[in-house]
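**Q** Just so it is clear, I am handing over input.tsv, which has TSV, C-alpha atoms and all ligand atoms.
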```tsv
chain	number	residue	atom	x	y	z
U	1	MET	CA	10.47	41.51	-11.31
U	2	ARG	CA	9.34	39.05	-13.90
U	3	CYS	CA	12.66	37.23	-13.59
U	4	LEU	CA	12.31	37.21	-9.81
U	5	SER	CA	8.90	35.55	-10.00
U	6	ILE	CA	10.23	32.92	-12.36
U	7	CYS	CA	13.28	32.37	-10.14
U	8	CYS	CA	11.02	32.00	-7.11
U	9	LEU	CA	8.85	29.53	-8.96
U	10	VAL	CA	11.86	27.52	-10.11
U	11	SER	CA	13.45	27.42	-6.67
U	12	ALA	CA	10.13	26.47	-5.07
U	13	PHE	CA	9.78	23.58	-7.48
U	14	VAL	CA	13.37	22.40	-7.10
U	15	GLY	CA	13.16	22.98	-3.35
U	16	LEU	CA	10.23	20.59	-3.11
U	17	ASP	CA	12.01	18.05	-5.22
U	18	VAL	CA	15.31	18.15	-3.35
U	19	GLN	CA	13.92	18.36	0.18
U	20	GLY	CA	14.80	14.72	0.49
U	21	GLN	CA	18.19	15.45	-1.13
U	22	GLU	CA	17.58	13.44	-4.29
U	23	PRO	CA	15.31	14.25	-7.19
U	24	ALA	CA	13.04	11.35	-8.05
U	25	GLU	CA	13.86	9.48	-11.22
U	26	ARG	CA	10.72	8.05	-12.68
U	27	GLN	CA	11.35	4.71	-14.37
U	28	PHE	CA	9.26	2.51	-16.62
U	29	ASP	CA	9.65	-1.15	-17.44
U	30	SER	CA	10.72	-2.16	-20.96
U	31	ASN	CA	7.11	-2.23	-22.21
U	32	GLY	CA	5.94	0.95	-20.46
U	33	LEU	CA	3.37	-1.00	-18.44
U	34	VAL	CA	4.81	-0.58	-14.93
U	35	GLU	CA	6.04	2.68	-13.40
U	36	TYR	CA	8.48	2.99	-10.52
U	37	ILE	CA	9.43	6.13	-8.64
U	38	PRO	CA	12.22	5.58	-6.11
U	39	GLY	CA	11.82	7.15	-2.67
U	40	ASN	CA	13.82	8.05	0.41
U	41	LEU	CA	11.35	7.14	3.16
U	42	PRO	CA	10.97	3.69	4.73
U	43	LEU	CA	7.64	3.45	2.93
U	44	ILE	CA	6.66	1.85	-0.38
U	45	ILE	CA	3.23	2.24	-1.99
U	46	GLY	CA	2.04	-0.22	-4.60
U	47	ALA	CA	-1.08	0.23	-6.74
U	48	PRO	CA	-1.57	-3.01	-8.71
U	49	HIS	CA	-5.17	-2.60	-9.90
U	50	GLY	CA	-5.52	1.05	-10.98
U	51	GLY	CA	-4.11	0.70	-14.49
U	52	SER	CA	-6.00	1.31	-17.74
U	53	LEU	CA	-3.63	0.26	-20.56
U	54	LYS	CA	-4.87	-2.67	-22.65
U	55	PRO	CA	-2.08	-3.54	-25.10
U	56	PRO	CA	-3.51	-5.66	-27.94
U	57	ALA	CA	-0.30	-7.73	-27.92
U	58	ILE	CA	-1.37	-9.24	-24.58
U	59	LYS	CA	-4.35	-11.57	-24.65
U	60	ASP	CA	-7.30	-10.94	-22.31
U	61	ARG	CA	-7.36	-12.91	-19.07
U	62	THR	CA	-10.13	-15.49	-19.07
U	63	PHE	CA	-10.45	-16.31	-15.37
U	64	GLY	CA	-10.18	-14.47	-12.06
U	65	VAL	CA	-11.21	-10.87	-11.36
U	66	THR	CA	-10.63	-8.44	-14.25
U	67	ASP	CA	-12.11	-5.18	-12.89
U	68	GLN	CA	-10.04	-2.08	-12.29
U	69	ASP	CA	-9.88	-0.62	-8.75
U	70	ALA	CA	-11.09	2.81	-9.88
U	71	GLY	CA	-9.26	5.81	-8.48
U	72	THR	CA	-6.49	3.90	-6.75
U	73	GLN	CA	-3.73	4.97	-9.15
U	74	GLU	CA	-4.72	8.60	-8.68
U	75	MET	CA	-4.88	8.14	-4.90
U	76	ALA	CA	-1.42	6.54	-4.78
U	77	ARG	CA	0.03	9.52	-6.66
U	78	MET	CA	-1.82	11.97	-4.39
U	79	LEU	CA	-0.56	10.14	-1.32
U	80	ARG	CA	3.02	10.37	-2.54
U	81	GLU	CA	2.75	14.13	-3.13
U	82	ALA	CA	1.04	14.69	0.24
U	83	MET	CA	3.69	12.65	2.07
U	84	ILE	CA	6.44	14.74	0.45
U	85	LYS	CA	4.80	17.90	1.81
U	86	LYS	CA	4.22	16.34	5.23
U	87	THR	CA	7.56	14.61	5.86
U	88	GLY	CA	10.04	16.20	3.43
U	89	GLY	CA	10.71	12.72	2.04
U	90	ALA	CA	9.11	10.67	-0.70
U	91	PRO	CA	7.66	7.18	-0.47
U	92	ALA	CA	8.71	4.84	-3.25
U	93	MET	CA	5.88	4.04	-5.61
U	94	VAL	CA	5.17	1.13	-7.94
U	95	ILE	CA	2.19	1.57	-10.25
U	96	ALA	CA	0.74	-0.97	-12.65
U	97	LEU	CA	-0.29	1.03	-15.72
U	98	ILE	CA	-1.64	-2.12	-17.35
U	99	HIS	CA	-5.35	-2.96	-16.93
U	100	ARG	CA	-6.31	-5.92	-14.80
U	101	SER	CA	-8.02	-7.59	-17.77
U	102	LYS	CA	-4.49	-8.10	-19.17
U	103	LEU	CA	-2.53	-8.77	-15.97
U	104	ASP	CA	-3.33	-9.07	-12.27
U	105	PRO	CA	-0.14	-8.07	-10.44
U	106	ASN	CA	-1.65	-9.18	-7.13
U	107	ARG	CA	-1.82	-12.89	-7.98
U	108	GLU	CA	0.77	-15.62	-8.44
U	109	ILE	CA	2.08	-15.67	-12.01
U	110	VAL	CA	-0.22	-18.43	-13.34
U	111	GLU	CA	-3.49	-16.67	-12.50
U	112	ALA	CA	-1.87	-13.26	-12.98
U	113	ALA	CA	-0.60	-13.67	-16.55
U	114	GLN	CA	-2.45	-16.81	-17.73
U	115	GLY	CA	0.40	-17.96	-19.94
U	116	ASP	CA	0.87	-14.80	-22.00
U	117	PRO	CA	4.65	-14.22	-22.34
U	118	LEU	CA	4.42	-10.42	-22.39
U	119	ALA	CA	2.10	-10.43	-19.36
U	120	GLU	CA	4.52	-12.77	-17.56
U	121	GLN	CA	7.39	-10.41	-18.33
U	122	THR	CA	5.35	-7.46	-17.03
U	123	TRP	CA	4.56	-9.40	-13.84
U	124	GLN	CA	8.28	-10.02	-13.34
U	125	ASN	CA	8.96	-6.32	-13.90
U	126	TRP	CA	6.31	-5.37	-11.31
U	127	GLN	CA	7.86	-7.74	-8.78
U	128	GLY	CA	11.34	-6.53	-9.72
U	129	PHE	CA	10.49	-2.88	-9.02
U	130	ILE	CA	9.06	-3.75	-5.61
U	131	GLY	CA	12.22	-5.76	-4.93
U	132	LYS	CA	14.33	-2.74	-5.91
U	133	ALA	CA	12.33	-0.44	-3.65
U	134	LYS	CA	12.64	-2.88	-0.75
U	135	ALA	CA	16.40	-3.24	-1.22
U	136	ARG	CA	16.73	0.54	-1.08
U	137	VAL	CA	14.64	0.76	2.10
U	138	ASN	CA	16.64	-2.06	3.69
U	139	GLU	CA	19.93	-0.42	2.80
U	140	ARG	CA	18.98	2.94	4.28
U	141	PHE	CA	16.69	2.09	7.16
U	142	GLY	CA	16.95	-1.63	7.85
U	143	VAL	CA	13.19	-1.67	8.34
U	144	GLY	CA	10.11	-0.43	6.51
U	145	LEU	CA	6.54	-0.80	5.33
U	146	TYR	CA	4.95	-1.85	2.04
U	147	ILE	CA	1.33	-0.78	1.41
U	148	ASP	CA	-0.69	-2.48	-1.34
U	149	LEU	CA	-3.47	-0.01	-2.21
U	150	HIS	CA	-6.81	-1.31	-3.49
U	151	GLY	CA	-10.50	-0.53	-3.85
U	152	GLN	CA	-13.59	-2.67	-3.23
U	153	ARG	CA	-17.35	-2.16	-3.30
U	154	HIS	CA	-18.39	-4.43	-0.45
U	155	PRO	CA	-21.81	-3.40	0.96
U	156	GLU	CA	-20.28	-2.90	4.43
U	157	GLY	CA	-18.56	0.22	3.02
U	158	ARG	CA	-15.58	0.06	5.38
U	159	VAL	CA	-11.86	0.47	4.90
U	160	GLU	CA	-10.55	-3.10	5.02
U	161	LEU	CA	-7.03	-3.55	6.36
U	162	GLY	CA	-5.42	-6.84	5.39
U	163	TYR	CA	-2.60	-8.33	7.44
U	164	MET	CA	-2.95	-11.89	6.05
U	165	ILE	CA	-5.21	-12.83	8.96
U	166	SER	CA	-8.50	-14.44	7.95
U	167	ALA	CA	-11.92	-13.18	9.05
U	168	GLU	CA	-12.35	-16.43	11.03
U	169	LYS	CA	-9.16	-15.79	12.99
U	170	LEU	CA	-10.08	-12.15	13.55
U	171	ARG	CA	-13.39	-13.29	15.05
U	172	GLU	CA	-11.52	-15.06	17.83
U	173	GLY	CA	-11.39	-13.13	21.10
U	174	ASP	CA	-8.40	-10.97	22.03
U	175	GLU	CA	-7.10	-13.46	24.56
U	176	THR	CA	-7.20	-16.40	22.17
U	177	LEU	CA	-5.68	-14.37	19.35
U	178	GLU	CA	-2.89	-12.94	21.50
U	179	LYS	CA	-1.89	-16.45	22.55
U	180	ALA	CA	-2.07	-17.82	19.01
U	181	SER	CA	1.54	-17.27	18.03
U	182	LEU	CA	0.86	-19.07	14.76
U	183	VAL	CA	-1.49	-16.25	13.73
U	184	VAL	CA	1.15	-13.63	14.48
U	185	ARG	CA	3.83	-15.61	12.65
U	186	ALA	CA	1.58	-16.02	9.62
U	187	SER	CA	0.75	-12.30	9.44
U	188	SER	CA	2.36	-9.78	7.11
U	189	ILE	CA	3.36	-7.67	10.16
U	190	ARG	CA	5.21	-10.49	11.90
U	191	GLU	CA	8.43	-8.52	12.34
U	192	LEU	CA	6.60	-5.32	13.28
U	193	ASP	CA	4.90	-7.18	16.12
U	194	GLN	CA	8.32	-7.92	17.63
U	195	ARG	CA	9.46	-4.35	17.15
U	196	SER	CA	6.35	-2.53	18.39
U	197	PRO	CA	6.04	-1.69	22.10
U	198	ALA	CA	2.32	-2.50	21.75
U	199	ASN	CA	0.98	-6.03	22.01
U	200	PHE	CA	-0.36	-7.76	18.91
U	201	ILE	CA	-4.03	-6.96	19.65
U	202	GLU	CA	-3.25	-3.26	20.05
U	203	LEU	CA	-1.22	-3.26	16.82
U	204	LEU	CA	-4.04	-5.05	15.02
U	205	ARG	CA	-7.21	-3.37	16.32
U	206	GLY	CA	-6.49	-1.15	19.33
U	207	PRO	CA	-6.86	2.65	19.42
U	208	THR	CA	-3.29	3.08	18.07
U	209	SER	CA	-3.76	0.54	15.25
U	210	LEU	CA	-4.18	1.86	11.73
U	211	GLY	CA	-7.87	0.90	11.94
U	212	GLY	CA	-8.15	2.75	15.28
U	213	MET	CA	-6.60	5.90	13.85
U	214	LEU	CA	-8.79	5.76	10.72
U	215	GLN	CA	-11.87	5.23	12.88
U	216	ALA	CA	-10.92	8.32	14.93
U	217	ARG	CA	-10.91	10.30	11.65
U	218	GLY	CA	-14.42	9.10	10.82
U	219	TYR	CA	-13.57	6.17	8.53
U	220	ALA	CA	-15.22	2.93	9.60
U	221	SER	CA	-12.46	0.32	9.35
U	222	VAL	CA	-11.91	-3.35	9.99
U	223	PRO	CA	-10.09	-4.49	12.09
U	224	SER	CA	-10.47	-1.55	14.51
U	225	PRO	CA	-11.74	-0.97	18.08
U	226	ASP	CA	-15.31	-0.49	16.76
U	227	VAL	CA	-15.20	-3.38	14.29
U	228	PRO	CA	-12.64	-5.90	15.60
U	229	ALA	CA	-13.65	-8.47	12.96
U	230	PRO	CA	-16.04	-8.91	10.04
U	231	LYS	CA	-19.22	-10.79	10.97
U	232	GLU	CA	-19.76	-14.27	9.49
U	233	ASN	CA	-21.87	-13.06	6.56
U	234	GLU	CA	-19.74	-10.01	5.77
U	235	LEU	CA	-17.18	-9.59	3.01
U	236	TYR	CA	-13.56	-8.90	3.88
U	237	PHE	CA	-10.20	-9.04	2.06
U	238	ARG	CA	-7.39	-10.25	4.30
U	239	GLY	CA	-4.58	-9.35	1.87
U	240	GLY	CA	-3.38	-10.86	-1.40
U	241	TYR	CA	-0.22	-12.03	-3.12
U	242	ASN	CA	1.76	-8.80	-2.71
U	243	THR	CA	0.98	-8.38	0.98
U	244	ASP	CA	1.91	-12.01	1.53
U	245	THR	CA	5.09	-11.89	-0.54
U	246	HIS	CA	6.44	-8.48	0.40
U	247	GLY	CA	5.59	-8.39	4.11
U	248	SER	CA	7.53	-10.03	6.93
U	249	ARG	CA	5.47	-13.22	7.02
U	250	GLN	CA	8.25	-15.11	5.30
U	251	GLY	CA	11.06	-13.24	7.08
U	252	GLY	CA	12.79	-9.91	6.64
U	253	THR	CA	12.20	-6.58	8.32
U	254	ILE	CA	9.75	-5.00	5.88
U	255	SER	CA	6.17	-5.50	6.97
U	256	ALA	CA	3.17	-5.10	4.69
U	257	LEU	CA	-0.53	-4.45	4.71
U	258	GLN	CA	-3.30	-4.16	2.17
U	259	ILE	CA	-5.55	-1.11	2.31
U	260	GLU	CA	-8.88	-1.76	0.59
U	261	CYS	CA	-10.74	1.50	0.09
U	262	PRO	CA	-14.54	1.45	-0.16
U	263	TRP	CA	-16.26	3.37	-2.97
U	264	VAL	CA	-18.75	5.61	-1.16
U	265	GLY	CA	-17.13	8.42	0.80
U	266	VAL	CA	-13.57	7.46	-0.12
U	267	ARG	CA	-13.17	6.92	-3.88
U	268	ASP	CA	-16.44	8.19	-5.39
U	269	THR	CA	-15.49	11.86	-5.82
U	270	HIS	CA	-12.26	13.79	-6.14
U	271	GLU	CA	-13.04	15.62	-2.88
U	272	HIS	CA	-13.53	12.35	-1.03
U	273	ARG	CA	-10.24	11.01	-2.40
U	274	VAL	CA	-8.43	14.15	-1.28
U	275	ARG	CA	-9.98	13.94	2.19
U	276	PHE	CA	-9.06	10.28	2.63
U	277	VAL	CA	-5.50	10.84	1.39
U	278	ASP	CA	-5.21	13.78	3.84
U	279	ALA	CA	-6.30	11.52	6.69
U	280	LEU	CA	-3.80	8.82	5.69
U	281	THR	CA	-1.05	11.44	5.39
U	282	ASP	CA	-1.71	12.56	8.98
U	283	ILE	CA	-2.10	9.04	10.33
U	284	LEU	CA	0.79	7.16	8.71
U	285	PRO	CA	3.62	9.14	10.41
U	286	MET	CA	1.88	8.80	13.82
U	287	TRP	CA	1.28	5.11	13.33
U	288	PHE	CA	4.81	4.56	12.09
U	289	LYS	CA	6.36	6.39	15.06
U	290	THR	CA	4.18	4.49	17.54
U	291	HIS	CA	4.87	1.00	16.25
U	292	PHE	CA	8.18	1.15	14.37
U	293	GLY	CA	9.64	3.42	17.07
U	294	ALA	CA	11.18	5.72	14.46
U	295	PRO	CA	10.00	8.84	12.64
U	296	LEU	CA	8.77	8.55	9.07
U	297	ALA	CA	11.57	10.81	7.86
U	298	PRO	CA	13.86	10.77	4.81
U	299	ARG	CA	17.39	9.45	4.82
U	300	SER	CA	19.97	9.66	2.06
U	301	PRO	CA	22.70	7.08	1.44
U	302	SER	CA	25.41	9.45	2.72
U	303	LYS	CA	23.80	9.49	6.17
U	304	PRO	CA	23.35	5.87	7.10
U	401	ZN	ZN	-7.54	-4.66	-5.94
```
Any chance you could give the structure as structure tokens?
**A**
Amino acid sequence: MRCLSICCLVSAFVGLDVQGQEPAERQFDSNGLVEYIPGNLPLIIGAPHGGSLKPPAIKDRTFGVTDQDAGTQEMARMLREAMIKKTGGAPAMVIALIHRSKLDPNREIVEAAQGDPLAEQTWQNWQGFIGKAKARVNERFGVGLYIDLHGQRHPEGRVELGYMISAEKLREGDETLEKASLVVRASSIRELDQRSPANFIELLRGPTSLGGMLQARGYASVPSPDVPAPKENELYFRGGYNTDTHGSRQGGTISALQIECPWVGVRDTHEHRVRFVDALTDILPMWFKTHFGAPLAPRSPSKP
């Protein structure tokens, strides 16, 4: 009986791990400052600002933002686990374990590493892992999504979704924006716009947009049907280096977006983090199916 319980436990654990056919192999960069877990879904989650390691061998950054996005590393890990349960497949994950006071992996290398050789190497490793994850997604699916997960404490308290479109551009009316092909081409979801059966406005802030689906779950979001754009005096992040570099703005079939989580109601307690991750876990497969036209389901190399 005792053996049976242990066997059940073991098979349950292995079962969860091999649902997507391949056990995940956690990897670390040479300095143990970046973690990468390969996946088998067309989804990659990056958490560049949730790290807490401050190696003395790397000098402190002296300009730019140096604050940690509290809770985002934990939320990225929770999201990965929840997606495994929901879809049977695992998103790839790239986590910066290093604190932002030593390296900002969401900036170009000069501001990111500020001339420190070890920080520069760590930045390259971060970029290298995302590149690896993207190559794997491309090989298996030919298309995919990169999410850069962040936290902010803007007084508006909304989830800010960044597609590399400025607040000024978002404030333009639907008709103007829809016609502005330059805006679409400069966005991190450029390729997704061509693929999605929805028009660009719907994809960006209609009921089936990510903001629309989050709003329906009670999370005020921008852009969304309720808040199509930030007002002139409001704070908003449109997306940073990773969203720009790893989305389809500069070509390719992997689109990207930045999710900026507010503090109150989303990151401030463990319960709120769990609730938000649950909402995202429900929403992402629906959103993916609607706009990518394919299920968010695992695929192994033997079944191309
Ligand atoms: Zn951040």
**Q** Nearest to ligand ZN 401 (chain U): which of U:Gly162, U:Pro225, U:Pro285, U:Gly218 is it, counting all atoms listed in the file?
**A**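 So, comparing all the options, the nearest one is U:Gly162.
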**Q** What does the list of residues within 8 Å of ligand ZN 401 (chain U) look like if you count only C-alpha atoms and all ligand atoms, written as a VMD selection string?
**A** chain U and resid 48 to 50 68 to 69 106 149 to 152 260
**Q** Tell me which of U:Leu118, U:Ile254, U:Val274, U:Ala294 sits closest to Gly32 (chain U), counting all atoms listed in the file.
**A**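 Smallest separation from Gly32 (chain U) among the options: U:Leu118.
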**Q** For Pro262 (chain U), which residue out of U:Asn242, U:Ser221, U:Thr176, U:Thr122 is the nearest one, using all atoms listed in the file?
**A** U:Ser221
**Q** Between U:Arg217, U:Arg171, U:Arg26, U:His99, which one has atoms that come closest to Arg205 (chain U), using only C-alpha atoms?
**A**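 Among U:Arg217, U:Arg171, U:Arg26, U:His99, it is U:Arg171 that comes nearest to Arg205 (chain U).
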**Q** Using 6 Å of padding on each side, determine the axis-aligned box around all atoms of region 75-94 of chain U present in the file and give its centre and edge lengths in Å to one decimal, as JSON.
**A**
```
{"center_x": 2.9, "center_y": 9.5, "center_z": -1.0, "size_x": 27.6, "size_y": 28.8, "size_z": 25.8}
```
**Q** Ile45 (chain U): which residues within 10 Å, counting all atoms listed in the file, same-chain residues fewer than 4 positions away excluded, as a list in words?
**A**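 My reading of the contact set: Ile37, Gly39, Ala76, Arg77, Leu79, Arg80, Pro91, Ala92, Met93, Val94, Ile95, Ile130, Ala133, Leu145, Tyr146, Ile147, Asp148, Leu149 and Ala256 of chain U.
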**Q** Have a look at CA of Ala167 (chain U) and CA of Ala229 (chain U) and let me know their distance in Å, one decimal.
**A**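 Separating CA of Ala167 (chain U) from CA of Ala229 (chain U) is a distance of 6.4 Å.
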**Q** In Å, with one decimal, what is the gap from CA of Pro117 (chain U) to CA of Gly239 (chain U)?
**A**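 It comes out at 26.4 Å.
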**Q** Per residue of region 42-68 of chain U within 9 Å of region 108-113 of chain U, note the shortest atom pair and the distance in Å to one decimal, counting only C-alpha atoms, and order the rows by chain and increasing residue number, as a Markdown table.
**A**
```
| residue | atom | partner | partner_atom | distance |
| --- | --- | --- | --- | --- |
| U:Arg61 | CA | U:Ala113 | CA | 7.3 |
| U:Phe63 | CA | U:Glu111 | CA | 7.5 |
| U:Gly64 | CA | U:Glu111 | CA | 7.1 |
```
**Q** Identify which of the residues U:Arg273, U:Lys86, U:His246, U:His291 lies closest to Lys132 (chain U), counting only C-alpha atoms when measuring atom-to-atom distances.
**A**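 For Lys132 (chain U), the nearest of the given residues is U:His246.
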**Q** Since the input lacks atoms, please generate N, CA and C atoms for region 118-137 of chain U and provide them as a PDB file, in the frame of the given file.
**A**
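Generated output (result_22.pdb):
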```pdb
ATOM      1  N   LEU U 118       4.220 -11.846 -22.662  1.00  0.00           N
ATOM      2  CA  LEU U 118       4.420 -10.420 -22.390  1.00  0.00           C
ATOM      3  C   LEU U 118       3.843 -10.054 -21.015  1.00  0.00           C
ATOM      4  N   ALA U 119       2.707 -10.665 -20.678  1.00  0.00           N
ATOM      5  CA  ALA U 119       2.100 -10.430 -19.360  1.00  0.00           C
ATOM      6  C   ALA U 119       3.014 -10.999 -18.270  1.00  0.00           C
ATOM      7  N   GLU U 120       3.604 -12.159 -18.547  1.00  0.00           N
ATOM      8  CA  GLU U 120       4.520 -12.770 -17.560  1.00  0.00           C
ATOM      9  C   GLU U 120       5.729 -11.871 -17.330  1.00  0.00           C
ATOM     10  N   GLN U 121       6.242 -11.322 -18.441  1.00  0.00           N
ATOM     11  CA  GLN U 121       7.390 -10.410 -18.330  1.00  0.00           C
ATOM     12  C   GLN U 121       7.007  -9.169 -17.506  1.00  0.00           C
ATOM     13  N   THR U 122       5.809  -8.654 -17.752  1.00  0.00           N
ATOM     14  CA  THR U 122       5.350  -7.460 -17.030  1.00  0.00           C
ATOM     15  C   THR U 122       5.179  -7.765 -15.539  1.00  0.00           C
ATOM     16  N   TRP U 123       4.695  -8.967 -15.246  1.00  0.00           N
ATOM     17  CA  TRP U 123       4.560  -9.400 -13.840  1.00  0.00           C
ATOM     18  C   TRP U 123       5.934  -9.431 -13.167  1.00  0.00           C
ATOM     19  N   GLN U 124       6.923  -9.974 -13.898  1.00  0.00           N
ATOM     20  CA  GLN U 124       8.280 -10.020 -13.340  1.00  0.00           C
ATOM     21  C   GLN U 124       8.815  -8.601 -13.116  1.00  0.00           C
ATOM     22  N   ASN U 125       8.493  -7.696 -14.040  1.00  0.00           N
ATOM     23  CA  ASN U 125       8.960  -6.320 -13.900  1.00  0.00           C
ATOM     24  C   ASN U 125       8.321  -5.640 -12.687  1.00  0.00           C
ATOM     25  N   TRP U 126       7.029  -5.900 -12.489  1.00  0.00           N
ATOM     26  CA  TRP U 126       6.310  -5.370 -11.310  1.00  0.00           C
ATOM     27  C   TRP U 126       7.004  -5.859 -10.036  1.00  0.00           C
ATOM     28  N   GLN U 127       7.222  -7.173  -9.968  1.00  0.00           N
ATOM     29  CA  GLN U 127       7.860  -7.740  -8.780  1.00  0.00           C
ATOM     30  C   GLN U 127       9.283  -7.191  -8.626  1.00  0.00           C
ATOM     31  N   GLY U 128       9.973  -7.031  -9.744  1.00  0.00           N
ATOM     32  CA  GLY U 128      11.340  -6.530  -9.720  1.00  0.00           C
ATOM     33  C   GLY U 128      11.442  -5.115  -9.160  1.00  0.00           C
ATOM     34  N   PHE U 129      10.489  -4.261  -9.548  1.00  0.00           N
ATOM     35  CA  PHE U 129      10.490  -2.880  -9.020  1.00  0.00           C
ATOM     36  C   PHE U 129      10.224  -2.866  -7.518  1.00  0.00           C
ATOM     37  N   ILE U 130       9.310  -3.709  -7.067  1.00  0.00           N
ATOM     38  CA  ILE U 130       9.060  -3.750  -5.610  1.00  0.00           C
ATOM     39  C   ILE U 130      10.318  -4.248  -4.898  1.00  0.00           C
ATOM     40  N   GLY U 131      10.975  -5.246  -5.510  1.00  0.00           N
ATOM     41  CA  GLY U 131      12.220  -5.760  -4.930  1.00  0.00           C
ATOM     42  C   GLY U 131      13.281  -4.667  -4.845  1.00  0.00           C
ATOM     43  N   LYS U 132      13.363  -3.848  -5.884  1.00  0.00           N
ATOM     44  CA  LYS U 132      14.330  -2.740  -5.910  1.00  0.00           C
ATOM     45  C   LYS U 132      14.032  -1.740  -4.793  1.00  0.00           C
ATOM     46  N   ALA U 133      12.754  -1.402  -4.676  1.00  0.00           N
ATOM     47  CA  ALA U 133      12.330  -0.440  -3.650  1.00  0.00           C
ATOM     48  C   ALA U 133      12.628  -0.985  -2.263  1.00  0.00           C
ATOM     49  N   LYS U 134      12.390  -2.285  -2.065  1.00  0.00           N
ATOM     50  CA  LYS U 134      12.640  -2.880  -0.750  1.00  0.00           C
ATOM     51  C   LYS U 134      14.142  -2.897  -0.429  1.00  0.00           C
ATOM     52  N   ALA U 135      14.948  -3.199  -1.444  1.00  0.00           N
ATOM     53  CA  ALA U 135      16.400  -3.240  -1.220  1.00  0.00           C
ATOM     54  C   ALA U 135      16.898  -1.853  -0.795  1.00  0.00           C
ATOM     55  N   ARG U 136      16.330  -0.835  -1.402  1.00  0.00           N
ATOM     56  CA  ARG U 136      16.730   0.540  -1.080  1.00  0.00           C
ATOM     57  C   ARG U 136      16.321   0.902   0.348  1.00  0.00           C
ATOM     58  N   VAL U 137      15.116   0.509   0.732  1.00  0.00           N
ATOM     59  CA  VAL U 137      14.640   0.760   2.100  1.00  0.00           C
ATOM     60  C   VAL U 137      15.509  -0.001   3.091  1.00  0.00           C
TER      61      VAL U 137
END
```
